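Visitor: Contents of upload_39.txt (compact mmCIF, C-alpha atoms and all ligand atoms):
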# COMPACT_ATOMS: atom_id res chain seq x y z
CA MET D 1 120.98 109.11 -98.01
CA ALA D 2 118.76 106.04 -97.60
CA LYS D 3 117.59 105.03 -94.14
CA GLY D 4 120.26 102.97 -92.40
CA ASP D 5 122.88 104.14 -94.89
CA THR D 6 125.19 105.39 -92.21
CA ALA D 7 128.64 106.77 -92.74
CA ARG D 8 130.10 103.41 -91.80
CA THR D 9 128.08 101.41 -94.29
CA ARG D 10 129.26 103.86 -96.95
CA GLY D 11 132.80 102.67 -96.52
CA THR D 12 134.48 104.83 -93.90
CA PRO D 13 137.27 102.80 -92.33
CA PRO D 14 136.62 101.42 -88.85
CA ALA D 15 137.07 104.01 -86.08
CA GLU D 16 140.25 104.10 -83.96
CA PRO D 17 140.38 100.85 -82.10
CA GLU D 18 139.58 100.10 -78.54
CA PHE D 19 141.72 97.26 -77.38
CA VAL D 20 143.13 95.50 -74.38
CA GLN D 21 146.35 97.22 -73.44
CA LEU D 22 148.55 96.56 -70.41
CA LEU D 23 151.65 98.48 -71.47
CA ASN D 24 151.35 101.74 -73.36
CA PRO D 25 153.89 103.12 -75.84
CA ASP D 26 155.52 105.18 -73.06
CA GLY D 27 156.28 101.99 -71.16
CA GLU D 28 153.66 102.60 -68.48
CA ARG D 29 151.55 99.78 -67.07
CA VAL D 30 147.83 100.13 -67.77
CA GLU D 31 145.21 98.36 -65.66
CA HIS D 32 142.45 96.36 -67.33
CA PRO D 33 139.38 94.96 -65.52
CA ASP D 34 139.55 91.56 -67.25
CA TYR D 35 143.23 90.94 -67.87
CA ALA D 36 146.37 91.10 -65.78
CA VAL D 37 149.86 89.67 -65.83
CA ASP D 38 152.12 88.83 -62.96
CA PHE D 39 155.62 88.17 -64.21
CA THR D 40 158.82 87.87 -62.25
CA ASP D 41 161.57 90.37 -63.03
CA ASP D 42 163.42 87.66 -64.93
CA GLU D 43 160.35 86.91 -67.01
CA TYR D 44 159.99 90.58 -67.98
CA ARG D 45 163.64 90.66 -68.97
CA GLY D 46 163.23 87.35 -70.82
CA MET D 47 160.39 88.78 -72.84
CA TYR D 48 162.53 91.76 -73.86
CA HIS D 49 165.30 89.34 -74.82
CA ASP D 50 163.00 87.33 -77.09
CA LEU D 51 161.63 90.47 -78.77
CA VAL D 52 165.12 91.75 -79.54
CA VAL D 53 166.45 88.40 -80.73
CA VAL D 54 163.55 87.64 -83.06
CA ARG D 55 163.82 91.11 -84.60
CA ARG D 56 167.56 90.71 -85.10
CA LEU D 57 167.26 87.24 -86.64
CA ASP D 58 164.51 88.52 -88.90
CA ALA D 59 166.72 91.38 -90.09
CA GLU D 60 169.48 88.87 -90.84
CA ALA D 61 167.10 86.74 -92.88
CA THR D 62 166.01 89.80 -94.88
CA ALA D 63 169.68 90.64 -95.54
CA LEU D 64 170.40 87.05 -96.58
CA GLN D 65 167.57 87.20 -99.09
CA ARG D 66 168.86 90.49 -100.45
CA GLN D 67 172.25 88.84 -100.99
CA GLY D 68 170.64 86.01 -102.95
CA GLU D 69 170.96 83.39 -100.20
CA LEU D 70 167.21 82.89 -99.68
CA GLY D 71 164.53 82.72 -102.36
CA ILE D 72 162.14 84.94 -100.44
CA TRP D 73 161.54 86.12 -96.86
CA ALA D 74 158.37 87.27 -95.08
CA SER D 75 159.51 89.63 -92.34
CA LEU D 76 157.81 89.87 -88.95
CA LEU D 77 159.11 93.41 -88.35
CA GLY D 78 156.60 95.28 -86.17
CA GLN D 79 154.74 92.13 -85.14
CA GLU D 80 157.22 90.89 -82.52
CA ALA D 81 154.98 91.57 -79.53
CA ALA D 82 151.94 89.82 -80.99
CA GLN D 83 154.09 86.78 -81.73
CA VAL D 84 156.24 86.63 -78.61
CA GLY D 85 153.27 87.42 -76.34
CA SER D 86 151.00 84.77 -77.85
CA GLY D 87 153.87 82.32 -78.37
CA ARG D 88 154.86 82.47 -74.72
CA ALA D 89 151.20 82.03 -73.72
CA LEU D 90 151.09 78.55 -75.23
CA ARG D 91 151.43 75.69 -72.79
CA PRO D 92 153.75 72.83 -73.82
CA GLN D 93 150.85 70.57 -74.85
CA ASP D 94 149.21 73.19 -77.10
CA MET D 95 149.47 72.88 -80.88
CA ALA D 96 150.14 75.93 -83.07
CA PHE D 97 149.25 76.34 -86.75
CA PRO D 98 151.28 79.17 -88.28
CA THR D 99 151.24 81.09 -91.56
CA TYR D 100 154.57 81.86 -93.24
CA ARG D 101 155.40 84.82 -90.96
CA GLU D 102 155.35 83.28 -87.47
CA HIS D 103 159.11 83.17 -86.89
CA GLY D 104 158.63 84.71 -83.43
CA VAL D 105 156.15 82.06 -82.34
CA LEU D 106 158.47 79.38 -83.71
CA TYR D 107 161.30 80.84 -81.62
CA CYS D 108 159.14 80.81 -78.48
CA ARG D 109 158.26 77.16 -79.10
CA GLY D 110 161.97 76.43 -78.72
CA ILE D 111 162.42 75.47 -82.37
CA ASP D 112 165.79 76.11 -84.00
CA PRO D 113 165.38 79.50 -85.74
CA VAL D 114 167.39 78.28 -88.73
CA MET D 115 164.53 75.97 -89.70
CA PRO D 116 162.44 78.47 -91.68
CA LEU D 117 165.55 79.67 -93.49
CA SER D 118 166.24 76.24 -94.97
CA LEU D 119 162.66 76.25 -96.19
CA PHE D 120 163.01 79.65 -97.85
CA ARG D 121 166.42 78.69 -99.24
CA GLY D 122 164.72 75.79 -100.93
CA VAL D 123 166.88 73.07 -99.41
CA ASP D 124 163.95 71.38 -97.68
CA GLN D 125 160.19 71.69 -97.38
CA GLY D 126 160.05 72.54 -93.70
CA ALA D 127 162.27 70.25 -91.67
CA TRP D 128 160.74 70.31 -88.22
CA ASP D 129 158.53 67.49 -86.94
CA PRO D 130 155.19 69.22 -86.30
CA ILE D 131 153.96 66.63 -83.83
CA LYS D 132 157.18 66.60 -81.82
CA VAL D 133 157.49 70.39 -81.51
CA LYS D 134 153.72 71.09 -81.48
CA PHE D 135 154.08 73.60 -84.31
CA ALA D 136 152.67 72.76 -87.74
CA LEU D 137 154.55 73.45 -90.95
CA TYR D 138 154.37 76.94 -92.42
CA THR D 139 151.27 77.32 -94.59
CA ILE D 140 151.33 79.53 -97.65
CA VAL D 141 147.74 78.83 -98.71
CA ILE D 142 146.03 81.77 -97.06
CA GLY D 143 143.71 80.69 -94.25
CA ALA D 144 144.00 76.93 -94.79
CA GLN D 145 145.64 76.37 -91.42
CA THR D 146 142.54 77.62 -89.59
CA LEU D 147 140.73 74.52 -90.85
CA HIS D 148 143.66 72.30 -89.89
CA ALA D 149 143.66 73.80 -86.39
CA THR D 150 139.92 73.36 -86.05
CA GLY D 151 140.01 69.75 -87.19
CA TYR D 152 142.90 69.07 -84.82
CA ALA D 153 140.97 70.75 -82.01
CA MET D 154 137.90 68.63 -82.71
CA GLY D 155 140.20 65.62 -82.45
CA ILE D 156 141.41 66.79 -79.05
CA ALA D 157 137.80 66.95 -77.86
CA MET D 158 137.00 63.50 -79.30
CA ASP D 159 140.09 62.06 -77.61
CA GLY D 160 138.83 63.38 -74.26
CA LYS D 161 141.87 65.64 -73.82
CA MET D 162 139.78 68.73 -73.16
CA GLY D 163 138.02 69.89 -70.04
CA ALA D 164 140.84 69.76 -67.51
CA GLU D 165 143.55 72.17 -66.54
CA ASP D 166 146.14 70.05 -68.30
CA GLY D 167 143.95 69.72 -71.40
CA GLU D 168 145.13 70.64 -74.85
CA ALA D 169 144.20 73.57 -77.06
CA THR D 170 145.20 74.78 -80.50
CA ILE D 171 145.97 78.20 -81.87
CA ALA D 172 145.57 79.19 -85.51
CA TYR D 173 147.50 82.21 -86.78
CA PHE D 174 146.23 84.15 -89.76
CA GLY D 175 146.13 87.67 -91.15
CA ASP D 176 143.58 90.40 -91.77
CA GLY D 177 143.49 89.45 -95.45
CA ALA D 178 142.86 85.80 -94.60
CA SER D 179 139.72 86.83 -92.74
CA SER D 180 138.05 87.21 -96.15
CA GLN D 181 138.83 83.62 -97.14
CA GLY D 182 136.16 80.93 -97.21
CA ASP D 183 138.43 78.58 -95.24
CA VAL D 184 138.59 80.94 -92.27
CA ASN D 185 134.84 81.47 -92.17
CA GLU D 186 134.24 77.73 -92.48
CA ALA D 187 136.68 77.11 -89.66
CA PHE D 188 134.72 79.58 -87.51
CA VAL D 189 131.47 77.66 -88.17
CA TRP D 190 132.96 74.26 -87.38
CA ALA D 191 134.79 75.48 -84.29
CA SER D 192 131.68 77.19 -83.01
CA VAL D 193 129.16 74.40 -83.44
CA PHE D 194 131.56 71.71 -82.25
CA HIS D 195 132.81 73.85 -79.39
CA ALA D 196 136.35 73.08 -80.49
CA PRO D 197 139.29 74.09 -78.26
CA VAL D 198 140.84 76.49 -80.77
CA VAL D 199 141.98 80.10 -80.52
CA PHE D 200 141.90 82.07 -83.76
CA PHE D 201 144.75 84.56 -83.54
CA CYS D 202 144.44 87.18 -86.27
CA GLN D 203 147.40 89.48 -86.63
CA ASN D 204 145.76 92.48 -88.19
CA ASN D 205 148.87 94.12 -89.62
CA GLN D 206 146.64 96.45 -91.70
CA TYR D 207 147.60 95.00 -95.08
CA ALA D 208 147.13 91.92 -97.24
CA ILE D 209 150.11 92.57 -99.49
CA SER D 210 148.97 95.96 -100.89
CA GLU D 211 145.29 95.71 -99.94
CA PRO D 212 144.49 97.82 -96.87
CA LEU D 213 142.17 96.73 -94.09
CA GLU D 214 139.23 98.76 -95.36
CA ARG D 215 139.13 96.48 -98.40
CA GLN D 216 138.54 93.47 -96.10
CA THR D 217 135.96 94.69 -93.63
CA ARG D 218 133.65 97.47 -92.52
CA VAL D 219 133.48 96.28 -88.94
CA PRO D 220 136.39 95.63 -86.59
CA LEU D 221 137.57 92.09 -87.31
CA TYR D 222 137.15 90.81 -83.75
CA GLN D 223 133.42 91.59 -83.97
CA ARG D 224 133.05 88.97 -86.69
CA ALA D 225 133.11 86.32 -83.96
CA ASN D 226 129.69 87.49 -82.68
CA GLY D 227 127.98 86.29 -85.82
CA PHE D 228 129.52 82.84 -85.40
CA GLY D 229 128.55 82.57 -81.76
CA PHE D 230 131.80 82.85 -79.87
CA PRO D 231 133.66 85.70 -78.22
CA GLY D 232 135.99 88.07 -80.00
CA VAL D 233 138.52 90.37 -78.35
CA ARG D 234 140.85 93.01 -79.71
CA VAL D 235 144.26 93.38 -78.17
CA ASP D 236 147.04 95.88 -78.72
CA GLY D 237 149.25 93.65 -80.81
CA ASN D 238 152.25 95.89 -80.14
CA ASP D 239 151.91 95.20 -76.42
CA VAL D 240 153.61 91.95 -75.48
CA LEU D 241 152.00 91.83 -72.03
CA ALA D 242 148.45 92.23 -73.33
CA SER D 243 149.09 89.80 -76.19
CA TYR D 244 150.27 87.27 -73.62
CA ALA D 245 147.39 87.81 -71.19
CA VAL D 246 144.60 87.69 -73.75
CA THR D 247 146.02 84.60 -75.49
CA ARG D 248 146.69 82.75 -72.24
CA ALA D 249 143.10 83.37 -71.08
CA ALA D 250 141.58 82.30 -74.42
CA LEU D 251 143.68 79.12 -74.56
CA ASP D 252 142.79 78.23 -70.99
CA GLN D 253 139.09 78.75 -71.71
CA ALA D 254 139.40 76.55 -74.80
CA ARG D 255 141.21 73.76 -72.92
CA ALA D 256 138.58 73.93 -70.18
CA GLY D 257 135.87 73.20 -72.76
CA GLN D 258 134.48 76.70 -73.15
CA GLY D 259 134.91 76.84 -76.91
CA PRO D 260 136.80 79.06 -79.35
CA THR D 261 137.82 82.72 -79.18
CA LEU D 262 138.81 85.10 -81.93
CA ILE D 263 141.67 87.40 -80.98
CA GLU D 264 142.42 90.35 -83.22
CA ALA D 265 145.94 91.54 -82.49
CA TYR D 266 145.96 95.09 -83.79
CA THR D 267 149.43 95.73 -85.14
CA TYR D 268 151.34 96.94 -88.19
CA ARG D 269 153.58 95.35 -90.77
CA MET D 270 156.55 97.75 -90.64
CA GLY D 271 158.32 96.24 -93.62
CA ALA D 272 157.37 94.85 -96.99
CA HIS D 273 154.87 92.01 -97.35
CA THR D 274 157.79 89.87 -98.49
CA THR D 275 161.13 90.66 -100.06
CA SER D 276 159.29 90.58 -103.42
CA ASP D 277 157.18 93.58 -102.46
CA ASP D 278 157.75 97.36 -102.45
CA PRO D 279 155.35 99.00 -99.98
CA THR D 280 156.32 102.54 -101.02
CA ARG D 281 154.07 101.91 -104.03
CA TYR D 282 150.91 101.80 -101.96
CA ARG D 283 151.39 103.47 -98.56
CA ILE D 284 152.73 106.75 -97.32
CA ALA D 285 155.75 107.32 -95.10
CA SER D 286 153.80 109.27 -92.45
CA GLU D 287 151.67 106.20 -91.75
CA VAL D 288 154.76 104.10 -91.11
CA GLU D 289 156.24 106.85 -88.92
CA ALA D 290 153.07 107.00 -86.81
CA TRP D 291 153.42 103.29 -86.08
CA GLN D 292 157.11 103.66 -85.29
CA ALA D 293 156.02 105.59 -82.20
CA LYS D 294 154.13 102.47 -81.07
CA ASP D 295 157.15 100.21 -81.40
CA PRO D 296 156.67 96.95 -79.48
CA ILE D 297 160.26 96.70 -78.23
CA LEU D 298 160.87 100.30 -77.25
CA ARG D 299 157.95 100.31 -74.81
CA VAL D 300 159.28 97.23 -72.98
CA ARG D 301 162.71 98.85 -72.79
CA ARG D 302 161.13 101.97 -71.31
CA PHE D 303 159.16 99.87 -68.85
CA LEU D 304 162.24 97.94 -67.70
CA THR D 305 164.18 101.20 -67.30
CA GLN D 306 161.42 103.04 -65.43
CA GLN D 307 160.86 100.09 -63.09
CA GLY D 308 164.58 99.75 -62.43
CA LEU D 309 164.53 96.19 -63.77
CA ALA D 310 167.28 96.72 -66.31
CA GLY D 311 169.91 99.24 -67.31
CA GLU D 312 172.28 99.97 -70.17
CA ASP D 313 174.50 96.97 -69.39
CA PHE D 314 171.58 94.59 -69.73
CA PHE D 315 170.38 96.15 -73.00
CA ALA D 316 173.89 96.05 -74.46
CA ALA D 317 174.30 92.40 -73.43
CA VAL D 318 171.01 91.45 -75.12
CA ASP D 319 172.03 93.30 -78.29
CA GLU D 320 175.34 91.46 -78.30
CA GLU D 321 173.66 88.10 -77.74
CA ALA D 322 171.28 88.84 -80.63
CA ARG D 323 174.19 89.82 -82.86
CA VAL D 324 176.05 86.60 -82.11
CA GLU D 325 172.92 84.54 -82.76
CA ALA D 326 172.48 86.35 -86.08
CA VAL D 327 176.08 85.69 -87.13
CA ARG D 328 175.65 82.02 -86.27
CA LEU D 329 172.38 81.91 -88.21
CA ARG D 330 174.11 83.36 -91.28
CA GLU D 331 176.99 80.88 -91.04
CA ARG D 332 174.63 77.95 -90.82
CA VAL D 333 172.59 79.12 -93.81
CA LEU D 334 175.72 79.47 -95.94
CA GLU D 335 176.87 75.99 -94.87
CA MET D 336 173.62 74.30 -95.93
CA PRO D 337 174.38 71.75 -98.63
CA ASP D 338 172.30 72.01 -101.79
CA PRO D 339 169.96 69.05 -102.06
CA ALA D 340 170.34 66.65 -105.00
CA PRO D 341 167.86 67.80 -107.68
CA ILE D 342 166.20 64.38 -107.76
CA THR D 343 164.97 64.86 -104.18
CA LEU D 344 162.47 67.34 -105.59
CA PHE D 345 160.18 64.36 -106.11
CA ASP D 346 160.42 63.17 -102.49
CA HIS D 347 157.66 63.76 -99.97
CA ALA D 348 155.05 64.70 -102.60
CA TYR D 349 153.04 61.68 -101.43
CA PRO D 350 153.73 59.65 -98.28
CA HIS D 351 153.50 56.33 -100.16
CA GLY D 352 154.53 57.42 -103.65
CA SER D 353 152.39 57.89 -106.73
CA PRO D 354 152.68 56.23 -110.17
CA LEU D 355 152.80 59.62 -111.91
CA VAL D 356 155.47 61.08 -109.62
CA ASP D 357 157.45 57.82 -109.86
CA GLU D 358 157.35 58.07 -113.64
CA GLU D 359 158.45 61.71 -113.56
CA ARG D 360 161.28 60.89 -111.17
CA ALA D 361 162.53 58.11 -113.47
CA GLU D 362 162.37 60.43 -116.46
CA PHE D 363 164.28 63.13 -114.61
CA ALA D 364 166.92 60.57 -113.55
CA ARG D 365 167.36 59.54 -117.22
CA TYR D 366 167.69 63.21 -118.19
CA GLN D 367 170.26 63.84 -115.47
CA SER D 368 172.30 60.80 -116.54
CA THR D 369 172.87 62.50 -119.91
CA PHE D 370 175.13 64.95 -118.04
CA ALA D 371 177.23 62.18 -116.47
CA GLY D 372 180.89 63.09 -116.37
CA GLU D 373 180.31 66.73 -117.27
CA ALA D 374 181.42 69.44 -114.92
CA HIS D 375 178.44 71.58 -114.04
C1 LIG P 401 144.57 80.92 -101.14
C2 LIG P 401 145.61 81.97 -101.46
N1 LIG P 401 145.25 83.05 -102.18
C3 LIG P 401 146.16 84.01 -102.46
C4 LIG P 401 147.46 83.87 -102.03
C5 LIG P 401 148.48 84.96 -102.33
N2 LIG P 401 148.80 85.69 -101.10
C6 LIG P 401 149.94 85.46 -100.42
S1 LIG P 401 150.06 86.41 -99.04
C7 LIG P 401 148.57 87.16 -99.36
C8 LIG P 401 148.04 88.22 -98.42
C9 LIG P 401 147.76 87.72 -97.04
O1 LIG P 401 147.48 88.81 -96.20
P1 LIG P 401 147.15 88.63 -94.67
O2 LIG P 401 146.22 87.49 -94.46
O3 LIG P 401 146.75 89.93 -94.13
O4 LIG P 401 148.55 88.16 -94.03
P2 LIG P 401 149.94 88.96 -93.95
O5 LIG P 401 150.74 88.58 -95.16
O6 LIG P 401 149.63 90.41 -93.88
O7 LIG P 401 150.62 88.46 -92.72
C10 LIG P 401 148.01 86.67 -100.53
C11 LIG P 401 146.74 87.13 -101.11
C12 LIG P 401 147.80 82.70 -101.31
N3 LIG P 401 149.03 82.50 -100.85
N4 LIG P 401 146.84 81.78 -101.03
MG MG P 402 147.89 91.34 -93.15
Take the structure from the file and write it as structure tokens.

Guide:
Amino acid sequence: MAKGDTARTRGTPPAEPEFVQLLNPDGERVEHPDYAVDFTDDEYRGMYHDLVVVRRLDAEATALQRQGELGIWASLLGQEAAQVGSGRALRPQDMAFPTYREHGVLYCRGIDPVMPLSLFRGVDQGAWDPIKVKFALYTIVIGAQTLHATGYAMGIAMDGKMGAEDGEATIAYFGDGASSQGDVNEAFVWASVFHAPVVFFCQNNQYAISEPLERQTRVPLYQRANGFGFPGVRVDGNDVLASYAVTRAALDQARAGQGPTLIEAYTYRMGAHTTSDDPTRYRIASEVEAWQAKDPILRVRRFLTQQGLAGEDFFAAVDEEARVEAVRLRERVLEMPDPAPITLFDHAYPHGSPLVDEERAEFARYQSTFAGEAH
């Protein structure tokens, strides 16, 4: 073995993680020297509510795809705490840049949860107004949104909206796989040297489709930040309290002018990458079972029970509310009118393009050949 050729450089996966945890899988509060939360009883119950509802709506979307009502769906199953914790940590003026899986953050932003379903049904291209709701459109191009978030954050600084308690910050969501993309590493450089008010929130769900974490990195992802000159922190991404506390602190530091932070939310994608994927082809059941024991919702339920903050009636009422929301979601998806095929050419360019205009005209001519036919 050559000098310096340690076990780790030879490809052993990163050791078991150390992370910020405030609520363990048994539902017990854990103290941390740097992070704390102080929620009211209602806020704790509200957090449980959001976790349950986003999981239920996600399950409904998966079922709708299976029944042919959506083209594809990227489930958040297992990642509810990372999303609800960080989503609730955003202040109203903060701008979020999601991937295609951030349905829980979207819900916490107060956006109608049907919105991503119309996108994945193909009836629109993302129908929310990003500026109005402070939540950018879903981005499929892996990692691209980290550059958008950084550029937006630089704009905040240039507009003088940083440096005060009511200043703005941005948060960029991305995955473990995205950490290997050039865009993400470029975003880190720009954010660092321009001291941009951006939080990089990496949900390390252990897989990039079928590629496991050890194919992306030989060091824990949060440590990457060191090389770029800003802090990195790893949080238990299945712990909603810790996810909230770490994100809130990083956003507040960013808005105060203290620069970016990389957060690695250590979690697990319990389902398939998307409905087009079959994870049984590349991972073993015992791994999934081990993560089931760290379920993000169960630990909050245990906590609420042990603290006497909620009982069976409350849990049953939340389940019922989630069920009703899911039924309503399904009804609204089935009611969505199909768009006219010609609208495919809309919104490609804000002010049109000669080529697209030509293609639209050609398509219209083609469609007119069907005039009067039942189809
Ligand atoms: C630039 C680019 N390359 C490849 C793809 C295909 N692709 C879609 S999802 C994905 C994996 C992303 O994994 P990760 O960043 O860990 O996010 P996760 O899906 O696990 O949330 C890839 C490679 C893409 N969408 N964009
Ligand atoms: Mg991943």

Visitor: Out of D:Ala127, D:Glu102, D:Met158, D:Ile171, which residue has the shortest atom-to-atom distance to Ile140 of chain D when counting all atoms listed in the file?

Guide: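 Distance minimum relative to Ile140 of chain D lands on D:Glu102.
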
Visitor: Measuring between all atoms listed in the file, which one of D:Arg55, D:Arg248, D:Arg101, D:Arg302 shows the shortest distance to ligand MG 402 (chain P)?

Guide: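 Once distances to ligand MG 402 (chain P) are computed over all atoms listed in the file, the minimum belongs to D:Arg101.
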
Visitor: Specify the axis-aligned box that encloses all atoms of segment 349-361 of chain D listed in the file after padding of 4 Å on each side, stating its centre and edge lengths in Å to one decimal as AutoDock Vina command-line options.

Guide:
--center_x 157.5 --center_y 59.0 --center_z -106.0 --size_x 18.1 --size_y 13.5 --size_z 23.4

Visitor: Could you give me, as a ChimeraX atom specification, the residues that have an atom at most 7 Å away from the point (138.7, 93.2, -75.8) in the coordinates of the file, using only C-alpha atoms?

Guide: /D:19-20,233-235

Visitor: Which residue out of D:Ala172, D:Val37, D:Val114, D:Cys202 has the minimum interatomic distance to Leu147 of chain D when all atoms listed in the file are used?

Guide: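 Using all atoms listed in the file, the shortest distance to Leu147 of chain D belongs to D:Ala172.
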
Visitor: Need the shell around Ala96 of chain D: protein/DNA/RNA residues with any atom at most 10 Å away, counting all atoms listed in the file. Skip same-chain ones fewer than 6 positions apart. Format as an mmCIF file with C-alpha atoms, keeping the file's coordinate frame?

Guide:
data_model
loop_
_atom_site.group_PDB
_atom_site.id
_atom_site.type_symbol
_atom_site.label_atom_id
_atom_site.label_comp_id
_atom_site.auth_asym_id
_atom_site.auth_seq_id
_atom_site.Cartn_x
_atom_site.Cartn_y
_atom_site.Cartn_z
ATOM 1 C CA GLY D 87 153.870 82.320 -78.370
ATOM 2 C CA LEU D 90 151.090 78.550 -75.230
ATOM 3 C CA VAL D 105 156.150 82.060 -82.340
ATOM 4 C CA LEU D 106 158.470 79.380 -83.710
ATOM 5 C CA ARG D 109 158.260 77.160 -79.100
ATOM 6 C CA PRO D 130 155.190 69.220 -86.300
ATOM 7 C CA VAL D 133 157.490 70.390 -81.510
ATOM 8 C CA LYS D 134 153.720 71.090 -81.480
ATOM 9 C CA PHE D 135 154.080 73.600 -84.310
ATOM 10 C CA ALA D 136 152.670 72.760 -87.740
ATOM 11 C CA LEU D 137 154.550 73.450 -90.950
ATOM 12 C CA GLN D 145 145.640 76.370 -91.420
ATOM 13 C CA ALA D 149 143.660 73.800 -86.390
ATOM 14 C CA ALA D 169 144.200 73.570 -77.060
ATOM 15 C CA THR D 170 145.200 74.780 -80.500
ATOM 16 C CA ILE D 171 145.970 78.200 -81.870
ATOM 17 C CA ALA D 172 145.570 79.190 -85.510
ATOM 18 C CA TYR D 173 147.500 82.210 -86.780
ATOM 19 C CA VAL D 198 140.840 76.490 -80.770
ATOM 20 C CA VAL D 199 141.980 80.100 -80.520
#

Visitor: Can you tell me which residues come within 8 Å of ligand LIG 401 (chain P) when counting only C-alpha atoms and all ligand atoms, ideally as a PyMOL selection string?

Guide: chain D and resi 74+99-101+140-144+174-179+181+203-209+269+273-274

Visitor: Using all atoms listed in the file, which of the listed residues (D:Asp313, D:Glu287, D:Glu264, D:Glu31) sits closest to ligand MG 402 (chain P)?

Guide: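 The answer is D:Glu264, which sits nearest to ligand MG 402 (chain P).
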
Visitor: What is the atom CA of Ala157 of chain D to atom CA of Glu186 of chain D distance in Å?

Guide: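 Calculated distance between atom CA of Ala157 of chain D and atom CA of Glu186 of chain D is 18.5 Å.
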
Visitor: Residues at most 12 Å from Ala272 of chain D, counting all atoms listed in the file, excluding those fewer than 2 positions away in the same chain, as a PyMOL selection string?

Guide: chain D and resi 62+72-78+101+205+207-210+268-270+274-283+288

Visitor: Go ahead and write the residues just picked, C-alpha atoms, as a short mmCIF file (atom, residue, chain, number, x, y, z; two decimals), in the coordinates of the input.

Guide:
data_model
loop_
_atom_site.label_atom_id
_atom_site.label_comp_id
_atom_site.auth_asym_id
_atom_site.auth_seq_id
_atom_site.Cartn_x
_atom_site.Cartn_y
_atom_site.Cartn_z
CA THR D 62 166.01 89.80 -94.88
CA ILE D 72 162.14 84.94 -100.44
CA TRP D 73 161.54 86.12 -96.86
CA ALA D 74 158.37 87.27 -95.08
CA SER D 75 159.51 89.63 -92.34
CA LEU D 76 157.81 89.87 -88.95
CA LEU D 77 159.11 93.41 -88.35
CA GLY D 78 156.60 95.28 -86.17
CA ARG D 101 155.40 84.82 -90.96
CA ASN D 205 148.87 94.12 -89.62
CA TYR D 207 147.60 95.00 -95.08
CA ALA D 208 147.13 91.92 -97.24
CA ILE D 209 150.11 92.57 -99.49
CA SER D 210 148.97 95.96 -100.89
CA TYR D 268 151.34 96.94 -88.19
CA ARG D 269 153.58 95.35 -90.77
CA MET D 270 156.55 97.75 -90.64
CA THR D 274 157.79 89.87 -98.49
CA THR D 275 161.13 90.66 -100.06
CA SER D 276 159.29 90.58 -103.42
CA ASP D 277 157.18 93.58 -102.46
CA ASP D 278 157.75 97.36 -102.45
CA PRO D 279 155.35 99.00 -99.98
CA THR D 280 156.32 102.54 -101.02
CA ARG D 281 154.07 101.91 -104.03
CA TYR D 282 150.91 101.80 -101.96
CA ARG D 283 151.39 103.47 -98.56
CA VAL D 288 154.76 104.10 -91.11
#

Visitor: So, counting all atoms listed in the file, which residue among D:Ser353, D:Thr369, D:Gln125, D:Gln216 is closest to ligand MG 402 (chain P)?

Guide: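 Residue with the minimum atom-to-atom distance to ligand MG 402 (chain P): D:Gln216.
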
Visitor: Restore N, CA, C and O atoms in segment 145-152 of chain D and list the result as a PDB file, keeping the file's coordinate frame.

Guide:
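Result went into rebuild_4.pdb, see below:
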ATOM      1  N   GLN D 145     145.253  76.933 -92.723  1.00  0.00           N
ATOM      2  CA  GLN D 145     145.640  76.370 -91.420  1.00  0.00           C
ATOM      3  C   GLN D 145     144.575  76.574 -90.344  1.00  0.00           C
ATOM      4  O   GLN D 145     144.587  75.885 -89.328  1.00  0.00           O
ATOM      5  N   THR D 146     143.619  77.471 -90.581  1.00  0.00           N
ATOM      6  CA  THR D 146     142.540  77.620 -89.590  1.00  0.00           C
ATOM      7  C   THR D 146     141.653  76.382 -89.587  1.00  0.00           C
ATOM      8  O   THR D 146     141.137  75.982 -88.543  1.00  0.00           O
ATOM      9  N   LEU D 147     141.493  75.776 -90.774  1.00  0.00           N
ATOM     10  CA  LEU D 147     140.730  74.520 -90.850  1.00  0.00           C
ATOM     11  C   LEU D 147     141.521  73.375 -90.230  1.00  0.00           C
ATOM     12  O   LEU D 147     140.956  72.531 -89.530  1.00  0.00           O
ATOM     13  N   HIS D 148     142.837  73.367 -90.475  1.00  0.00           N
ATOM     14  CA  HIS D 148     143.660  72.300 -89.890  1.00  0.00           C
ATOM     15  C   HIS D 148     143.590  72.388 -88.361  1.00  0.00           C
ATOM     16  O   HIS D 148     143.450  71.378 -87.675  1.00  0.00           O
ATOM     17  N   ALA D 149     143.690  73.609 -87.857  1.00  0.00           N
ATOM     18  CA  ALA D 149     143.660  73.800 -86.390  1.00  0.00           C
ATOM     19  C   ALA D 149     142.312  73.385 -85.809  1.00  0.00           C
ATOM     20  O   ALA D 149     142.248  72.778 -84.735  1.00  0.00           O
ATOM     21  N   THR D 150     141.254  73.706 -86.542  1.00  0.00           N
ATOM     22  CA  THR D 150     139.920  73.360 -86.050  1.00  0.00           C
ATOM     23  C   THR D 150     139.716  71.850 -86.053  1.00  0.00           C
ATOM     24  O   THR D 150     139.193  71.274 -85.087  1.00  0.00           O
ATOM     25  N   GLY D 151     140.138  71.199 -87.137  1.00  0.00           N
ATOM     26  CA  GLY D 151     140.010  69.750 -87.190  1.00  0.00           C
ATOM     27  C   GLY D 151     140.826  69.086 -86.094  1.00  0.00           C
ATOM     28  O   GLY D 151     140.359  68.149 -85.427  1.00  0.00           O
ATOM     29  N   TYR D 152     142.030  69.606 -85.884  1.00  0.00           N
ATOM     30  CA  TYR D 152     142.900  69.070 -84.820  1.00  0.00           C
ATOM     31  C   TYR D 152     142.232  69.267 -83.455  1.00  0.00           C
ATOM     32  O   TYR D 152     142.226  68.374 -82.609  1.00  0.00           O
TER      33      TYR D 152
END
